[in-house]
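Here's the structure, in structure tokens; my notes come after.
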Amino acid sequence: MSSVEGPAPAGQSEVDDVPLYAARKEIYPAAVKGTFRTIKWIILVVTLGIYYFLPFLRWDRGPNAPDQAILLDLGNRRFYFFFVEIWPQELYYVTGLLVLAALMLFLMNAVAGRMWCGYLCPQTVWTDLFYAVERLIEGDRRTQIRKAESGRWDLERISEKVLKHTLWLMIAWWTGGAWVLYFADAPTLVRELATFQAPMVAYVWIAILTFTTYALAGWMREQVCLYMCPWPRIQAALTDEHALNVTYRYDRGEPRLSVKKAEAARARGETVGDCVDCNQCVNVCPTGVDIRDGMQMGCIQCGLCIDACDNVMAKIGRPTGLIAYDTDVNVQRRIDRQEPVIKIVRPRTILYVVLIALVGGFMGWQMLTRTTLDVSALHDRNPLFVRLADGSIRNAFTVRLSNKTLETRPFRLELIGLADATMEVAGLPHMAERSALLEVGPDQTRELRVLVTVPRSAGDVDRSIRFRLTDVVSGATASANDFFHGSGSAP
Amino acid sequence: MAAEQNKVDSLTGVSTTGHDWDGIHELNTPLPRWWLWLFYATIVWAIGYVIAYPALPLVSGFTKGVLGYASRDQIESDMAALNQLRGEKVAALAKTSPADIEKSAELQEIARAVGKAAFGNNCAPCHGQGGAGSKGFPNLVDDQWLWGGTLENIQQTITYGIRNENAESRQGNMPAFGKDGLLKKDEIPVVAAYVVSLSGRKPEGAADLAKGAKIFAENCAACHGEQGKGNPEVGAPNLTSNIWLYGGDQKTIEETVTNGRGGVMPAWNGRLDEATIKALTVYVHTLSGGK
């Protein structure tokens with residue numbers, strides 16, 4: 001560790017036989033206190049609190065709908081989100097949310113690197129919690145390493161392991177348990193689970209998620225970030241030189257020397273870096289990387305090394321911020337004796353903000369102008385048309401009416417265009433020739449067989465038509481465009 | 001190779017595998033060991049799968065697996081579960097008359113869904129997937145009905161069929177007037193020309209319509225009616241419309257008169273249960289709006 005960073009000169013680096021499959025390096029992150037640790041604790045409590053308790057939040061929708069604020073009702077194919085109720089054919093709202101989430105991720109990345117990885121990613125949050133449990137029971141980094149290296153399995157160590165895994169499994173089980181509550185009425189399901197009357201699928205999913213949480217947060221930990229997650233790879237391609245990253249300011253830190261040697265060197269009037277090579281930044285790292293090697297894929301930028309380094313700097317009476325949110329550009333500028341610059345507003349961030357505003361605005365507009373009734377028409381394909389006994393031509397349609405409100409509504413279905421045509425709805429008595437009055441139940445759809453007939457005298461050309469649905473009470477309308485097929489030859 | 005393996009790439013400081021293509025070295029980035037164990041675990045899983053489930057093809061047949069699993073059983077249990085689920089609604093169809101089914105928004109939708117599936121399985125081979133029919137197999141989407149288009153008529157036709165062995169089936173034949181010598185050979189084109197004229201079209205060639213009308217009145221009107229409007233009681237088609245089961249051109253009509261016609265439809269009573277027949281009745285009736 002003598003060079004500042006990066007490439008080892010050819011032939012000088014020590015390389016032993018690198019195996020085809022590498023054994024995993026055990027990581028025992030040390031506990032640390034500081035600003036970023038506090039931020040991480042707060043985010044951990046808030047995000048897990050939301051995850052574990054949100055299903056119990058109630059939202060009154062009236063008598064015909066569930067009162068759970070967030071509910072993915074797969075059985076009835078409805079998705080309830082506070083004041084929004086989404087039908088399966090409106091799943092594009094969820095697609096829009098995902099697009100928005102991706103753009104936010106890009107923006108976060110452009111502003112301050114892997115904020116998602118370091119603070120918000122479920123893998124990070126749960127692993128953090130599992131590490132905390134581990135340290136609580138088995139002791140801090142040094143104690144854990146000592147116990148592991150001693151190789152002794154006395155009663156104390158065994159009971160510690162048993163207790164740790166039990167606690168991990170309980171957290172994992174609660175995680176799986178909270179997951180299924182999003183898919184059914186939470187209080188009811190909790191009661192059913194407690195009395196062993198819940199559907200099998202609930203138990204199976206709890207078991208699956210207990211296992212994945214326990215395995216990923218307890219055993220896989222940083223391996224998920226290093227080997228499984230695609231985001232670090234994508235992130236590296238999306239970042240630029242002005243994105244703030246957790247950075248070791250090697251302009252200030254190098255050459256690194258121990259505290260005593262540094263004092264001696266200073267006395268001789270030599271230039272000495274602030275880094276005392278105490279390795280605290282490596283010891284607290286949950287992925288086991290050395291931040292002093294520069295930006296790297298293994299670094300999830302959680303900021304814990306900043307806390308560790310600041311604590312050391314305070315102790316030895318040097319200014320804090322040897323490791324800080326900064327850019328490589330600034331490190332270089334300081335070496336070149338220039339003022340550092342922080343450029344949050346730059347084309348990349350402006351573009352992301354504009355895109356987020358556009359997508360968010362479009363979705364909001366869609367949501368606000370969303371109709372509570374809908375009509376769709378499906379033209380018979382076989383046959384496209386049929387000639388009747390008197391020579392007139394008829395087309396048949398399957399028309400589906402949707403009532404997205406929670407009470408029964410009276411609708412009028414009208415045929416628009418094709419002035420000489422008549423419309424008939426199978427099963428309804430003949431009424432006004434081109435419109436039909438009917439009811440659709442709360443939160444339901446109704447499928448109709450609609451026959452449109454054009455007399456022989458009207459000629460035989462193909463023409464556009466439209467089905468218009470009107471709420472008789474409120475006057476709200478929705479339409480479906482379709483086509484009337486003639487025989488293609490004059491009668 | 002062994003010596004090559006210890007080489008270090010000068011740019012990245014990472015050791016190489018010793019593989020070298022035109023001076024490009026492959027870096028050795030070892031996979032984690034747990035990955036290797038996962039790979040072995042999948043092999044163990046596959047062995048377990050082969051033992052538990054049908055897996056290996058043999059000369060005749062295949063290994064059955066110790067669990068006795070078969071995808072056919074799976075389908076049967078799935079279908080049983082589906083029928084269980086539908087049971088209540090299908091039972092409601094069996095209890096209700098087709099007219100009431102059609103009037104109820106909910107029952108009509110169920111009947112049309114059940115009917116559509118049953119139509120595709122049983123009726124579509126002759127009548128076509130959308131009910132458009134083909135030569136000799138009536139179009140069910142138009143507004144002309146050989147045996148009547150009311151719900152009762154349709155239910156009767158589906159239940160007992162047409163011209164089959166079932167005692168209740170619909171009967172009524174178009175005799176082979178030419179082949180059986182009921183009409184003289186030269187009378188057939190004359191009557192065919194008259195039939196063409198019934199639907200408002202001009203017959204081919206010089207036709208003696210008065211003579212044709214006389215032959216029609218003596219031989220055909222008993223079933224097809226004096227005006228040729230047909231009679232659903234005996235399945236005699238309306239000859240004055242634009243709809244022809246076997247074809248309306250003069251030549252085809254001559255052929256029909258010469259050889260007779262008698263399409264057959266099987267009885268579905270006994271093959272399909274009552275609820276399905278009712279669902280089919282409503283489905284076919286709503287295809288065209290019925291009578």
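Chain lettering (A, B, ...) mirrors the order of the structure tokens, residue numbering begins at 1 for each chain separately, and ligand numbering begins at 1 in order of display.
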
I need the residues in segment 20-140 of chain B that are helix (DSSP H, G or I) according to DSSP; give them as a PyMOL selection string.
chain B and resi 33-52+71-95+98-103+105-127

Any chance you can output those residues with C-alpha atoms as a tab-separated table (two decimals), in the first residue's frame?
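File result.tsv, as written:
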chain	number	residue	atom	x	y	z
B	33	ARG	CA	-16.73	-20.31	-4.41
B	34	TRP	CA	-20.34	-20.28	-3.25
B	35	TRP	CA	-21.24	-19.92	-6.92
B	36	LEU	CA	-19.44	-23.20	-7.60
B	37	TRP	CA	-21.39	-24.86	-4.79
B	38	LEU	CA	-24.64	-23.55	-6.21
B	39	PHE	CA	-23.66	-25.13	-9.52
B	40	TYR	CA	-23.09	-28.49	-7.79
B	41	ALA	CA	-26.39	-28.02	-5.98
B	42	THR	CA	-28.25	-27.71	-9.28
B	43	ILE	CA	-26.72	-31.02	-10.41
B	44	VAL	CA	-27.85	-32.70	-7.20
B	45	TRP	CA	-31.28	-31.14	-7.70
B	46	ALA	CA	-31.43	-32.50	-11.26
B	47	ILE	CA	-30.62	-36.02	-10.03
B	48	GLY	CA	-33.38	-35.73	-7.44
B	49	TYR	CA	-35.75	-34.49	-10.12
B	50	VAL	CA	-34.98	-37.43	-12.41
B	51	ILE	CA	-35.72	-39.83	-9.57
B	52	ALA	CA	-38.89	-38.07	-8.44
B	71	SER	CA	-49.33	-33.84	-16.21
B	72	ARG	CA	-52.59	-35.52	-17.31
B	73	ASP	CA	-53.60	-35.98	-13.66
B	74	GLN	CA	-52.67	-32.38	-13.08
B	75	ILE	CA	-55.05	-31.23	-15.82
B	76	GLU	CA	-57.81	-33.42	-14.44
B	77	SER	CA	-57.45	-32.07	-10.93
B	78	ASP	CA	-57.26	-28.51	-12.30
B	79	MET	CA	-60.42	-29.08	-14.34
B	80	ALA	CA	-62.18	-30.56	-11.31
B	81	ALA	CA	-61.20	-27.49	-9.30
B	82	LEU	CA	-62.45	-25.25	-12.09
B	83	ASN	CA	-65.79	-27.07	-12.25
B	84	GLN	CA	-66.07	-26.82	-8.49
B	85	LEU	CA	-65.50	-23.08	-8.82
B	86	ARG	CA	-68.03	-22.73	-11.60
B	87	GLY	CA	-70.48	-25.21	-10.09
B	88	GLU	CA	-72.81	-22.67	-8.57
B	89	LYS	CA	-73.09	-20.54	-11.68
B	90	VAL	CA	-73.47	-23.49	-14.05
B	91	ALA	CA	-76.16	-24.88	-11.75
B	92	ALA	CA	-77.98	-21.56	-12.08
B	93	LEU	CA	-77.94	-22.00	-15.86
B	94	ALA	CA	-79.47	-25.48	-15.57
B	95	LYS	CA	-82.30	-24.15	-13.39
B	98	PRO	CA	-83.02	-19.69	-21.82
B	99	ALA	CA	-85.31	-16.66	-22.06
B	100	ASP	CA	-84.60	-15.69	-18.45
B	101	ILE	CA	-80.90	-16.37	-18.87
B	102	GLU	CA	-80.80	-13.97	-21.77
B	103	LYS	CA	-82.65	-11.27	-19.84
B	105	ALA	CA	-77.09	-9.45	-17.48
B	106	GLU	CA	-75.02	-11.73	-15.26
B	107	LEU	CA	-76.43	-15.05	-16.48
B	108	GLN	CA	-76.22	-13.97	-20.13
B	109	GLU	CA	-72.54	-13.23	-19.71
B	110	ILE	CA	-71.89	-16.59	-18.06
B	111	ALA	CA	-73.95	-18.41	-20.68
B	112	ARG	CA	-72.14	-16.66	-23.52
B	113	ALA	CA	-68.76	-17.56	-22.02
B	114	VAL	CA	-69.71	-21.20	-21.41
B	115	GLY	CA	-71.49	-21.32	-24.77
B	116	LYS	CA	-68.56	-19.90	-26.64
B	117	ALA	CA	-66.23	-22.58	-25.29
B	118	ALA	CA	-68.76	-25.34	-25.98
B	119	PHE	CA	-69.39	-23.97	-29.47
B	120	GLY	CA	-65.68	-24.01	-30.24
B	121	ASN	CA	-65.38	-27.62	-29.02
B	122	ASN	CA	-68.51	-29.06	-30.58
B	123	CYS	CA	-70.09	-26.87	-33.25
B	124	ALA	CA	-67.23	-25.02	-34.90
B	125	PRO	CA	-66.05	-27.95	-37.09
B	126	CYS	CA	-69.22	-27.55	-39.20
B	127	HIS	CA	-70.57	-24.10	-38.41

I want to know what sits within 9 Å of Lys229 of chain B, based on only C-alpha atoms, with residues of the same chain fewer than 4 positions away left out; could you give that as a count of residues only?
8

Between A:Val190, A:Val133, A:Val386, A:Ala265, which one has atoms that come closest to chain B, using only C-alpha atoms?
A:Val386

Residues near Gly288 of chain A, anyone? I mean within 8 Å using only C-alpha atoms, not counting same-chain ones fewer than 3 positions away, as a ChimeraX atom specification.
/A:27,29,282-285,298

One decimal, in Å: what's the spacing between atom CA of Ile145 of chain A and atom CA of Glu26 of chain A?
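Between atom CA of Ile145 of chain A and atom CA of Glu26 of chain A the gap works out to 9.4 Å.
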
Please return, as a compact mmCIF listing (two decimals) with N, CA and C atoms, in the first residue's frame, all residues of segment 1-195 of chain B that DSSP assigns to strand (DSSP E or B) on the basis of the backbone.
# COMPACT_ATOMS: atom_id res chain seq x y z
N VAL B 8 0.99 -10.85 -14.86
CA VAL B 8 0.10 -9.80 -14.39
C VAL B 8 -0.12 -8.80 -15.51
N SER B 15 -4.01 -10.53 -12.38
CA SER B 15 -3.33 -11.65 -13.02
C SER B 15 -4.16 -12.19 -14.18
N THR B 16 -3.47 -12.84 -15.12
CA THR B 16 -4.17 -13.34 -16.30
C THR B 16 -4.35 -14.84 -16.20
N THR B 17 -5.23 -15.38 -17.04
CA THR B 17 -5.43 -16.83 -17.05
C THR B 17 -4.38 -17.51 -17.91
N GLY B 18 -3.60 -16.76 -18.63
CA GLY B 18 -2.62 -17.34 -19.53
C GLY B 18 -3.15 -17.46 -20.95
N HIS B 19 -4.45 -17.20 -21.13
CA HIS B 19 -5.01 -17.22 -22.48
C HIS B 19 -4.66 -15.91 -23.18
N ASP B 20 -4.23 -16.05 -24.42
CA ASP B 20 -3.67 -14.89 -25.12
C ASP B 20 -4.16 -14.93 -26.57
N TRP B 21 -4.87 -13.90 -26.99
CA TRP B 21 -5.30 -13.83 -28.38
C TRP B 21 -4.72 -12.57 -29.01
N ILE B 24 -3.96 -9.97 -26.69
CA ILE B 24 -4.98 -9.59 -25.71
C ILE B 24 -5.07 -10.70 -24.66
N HIS B 25 -4.86 -10.33 -23.41
CA HIS B 25 -4.84 -11.33 -22.35
C HIS B 25 -6.19 -11.40 -21.66
N GLU B 26 -6.55 -12.62 -21.29
CA GLU B 26 -7.78 -12.78 -20.52
C GLU B 26 -7.46 -12.62 -19.04
N LEU B 27 -8.12 -11.66 -18.39
CA LEU B 27 -7.87 -11.45 -16.97
C LEU B 27 -8.53 -12.56 -16.17
N LEU B 31 -14.61 -16.52 -9.97
CA LEU B 31 -15.98 -16.53 -9.44
C LEU B 31 -15.92 -16.87 -7.96
N PRO B 32 -16.91 -16.42 -7.20
CA PRO B 32 -16.91 -16.80 -5.78
C PRO B 32 -17.15 -18.30 -5.63
N PRO B 57 -36.65 -40.49 -21.51
CA PRO B 57 -37.35 -41.27 -22.53
C PRO B 57 -36.73 -42.65 -22.68
N PHE B 62 -41.37 -44.07 -20.88
CA PHE B 62 -40.41 -43.17 -20.20
C PHE B 62 -40.36 -43.56 -18.74
N SER B 134 -70.76 -22.73 -43.72
CA SER B 134 -70.16 -22.87 -45.06
C SER B 134 -71.19 -23.62 -45.89
N PHE B 137 -73.70 -26.06 -44.43
CA PHE B 137 -73.74 -25.91 -42.97
C PHE B 137 -74.20 -24.49 -42.67
N ILE B 162 -80.90 -32.85 -36.29
CA ILE B 162 -81.66 -32.80 -37.53
C ILE B 162 -81.40 -34.08 -38.34
N ARG B 170 -85.40 -33.42 -35.85
CA ARG B 170 -86.19 -32.73 -36.86
C ARG B 170 -86.10 -33.52 -38.16
N MET B 174 -85.58 -32.74 -48.70
CA MET B 174 -85.73 -32.23 -50.06
C MET B 174 -85.57 -33.45 -50.96

Excluding Gly273 of chain A and any residue of its chain fewer than 2 positions from it, enumerate the residues within 7 Å of it, using only C-alpha atoms, and give them as an MDAnalysis selection string.
chainID A and resid 252:256 271 275

Residues at most 12 Å from Leu189 of chain A, counting only C-alpha atoms, excluding those fewer than 3 positions away in the same chain, as a ChimeraX atom specification?
/A:55-56,177-186,192-203

Which residue gives the smallest distance to Cys278 of chain A among A:Ile316, A:Ile356, A:Leu103, A:Leu72, with only C-alpha atoms counted?
A:Ile316

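Distance-wise, atom CA of Glu218 of chain B and atom CA of Arg201 of chain B end up 22.1 Å apart.
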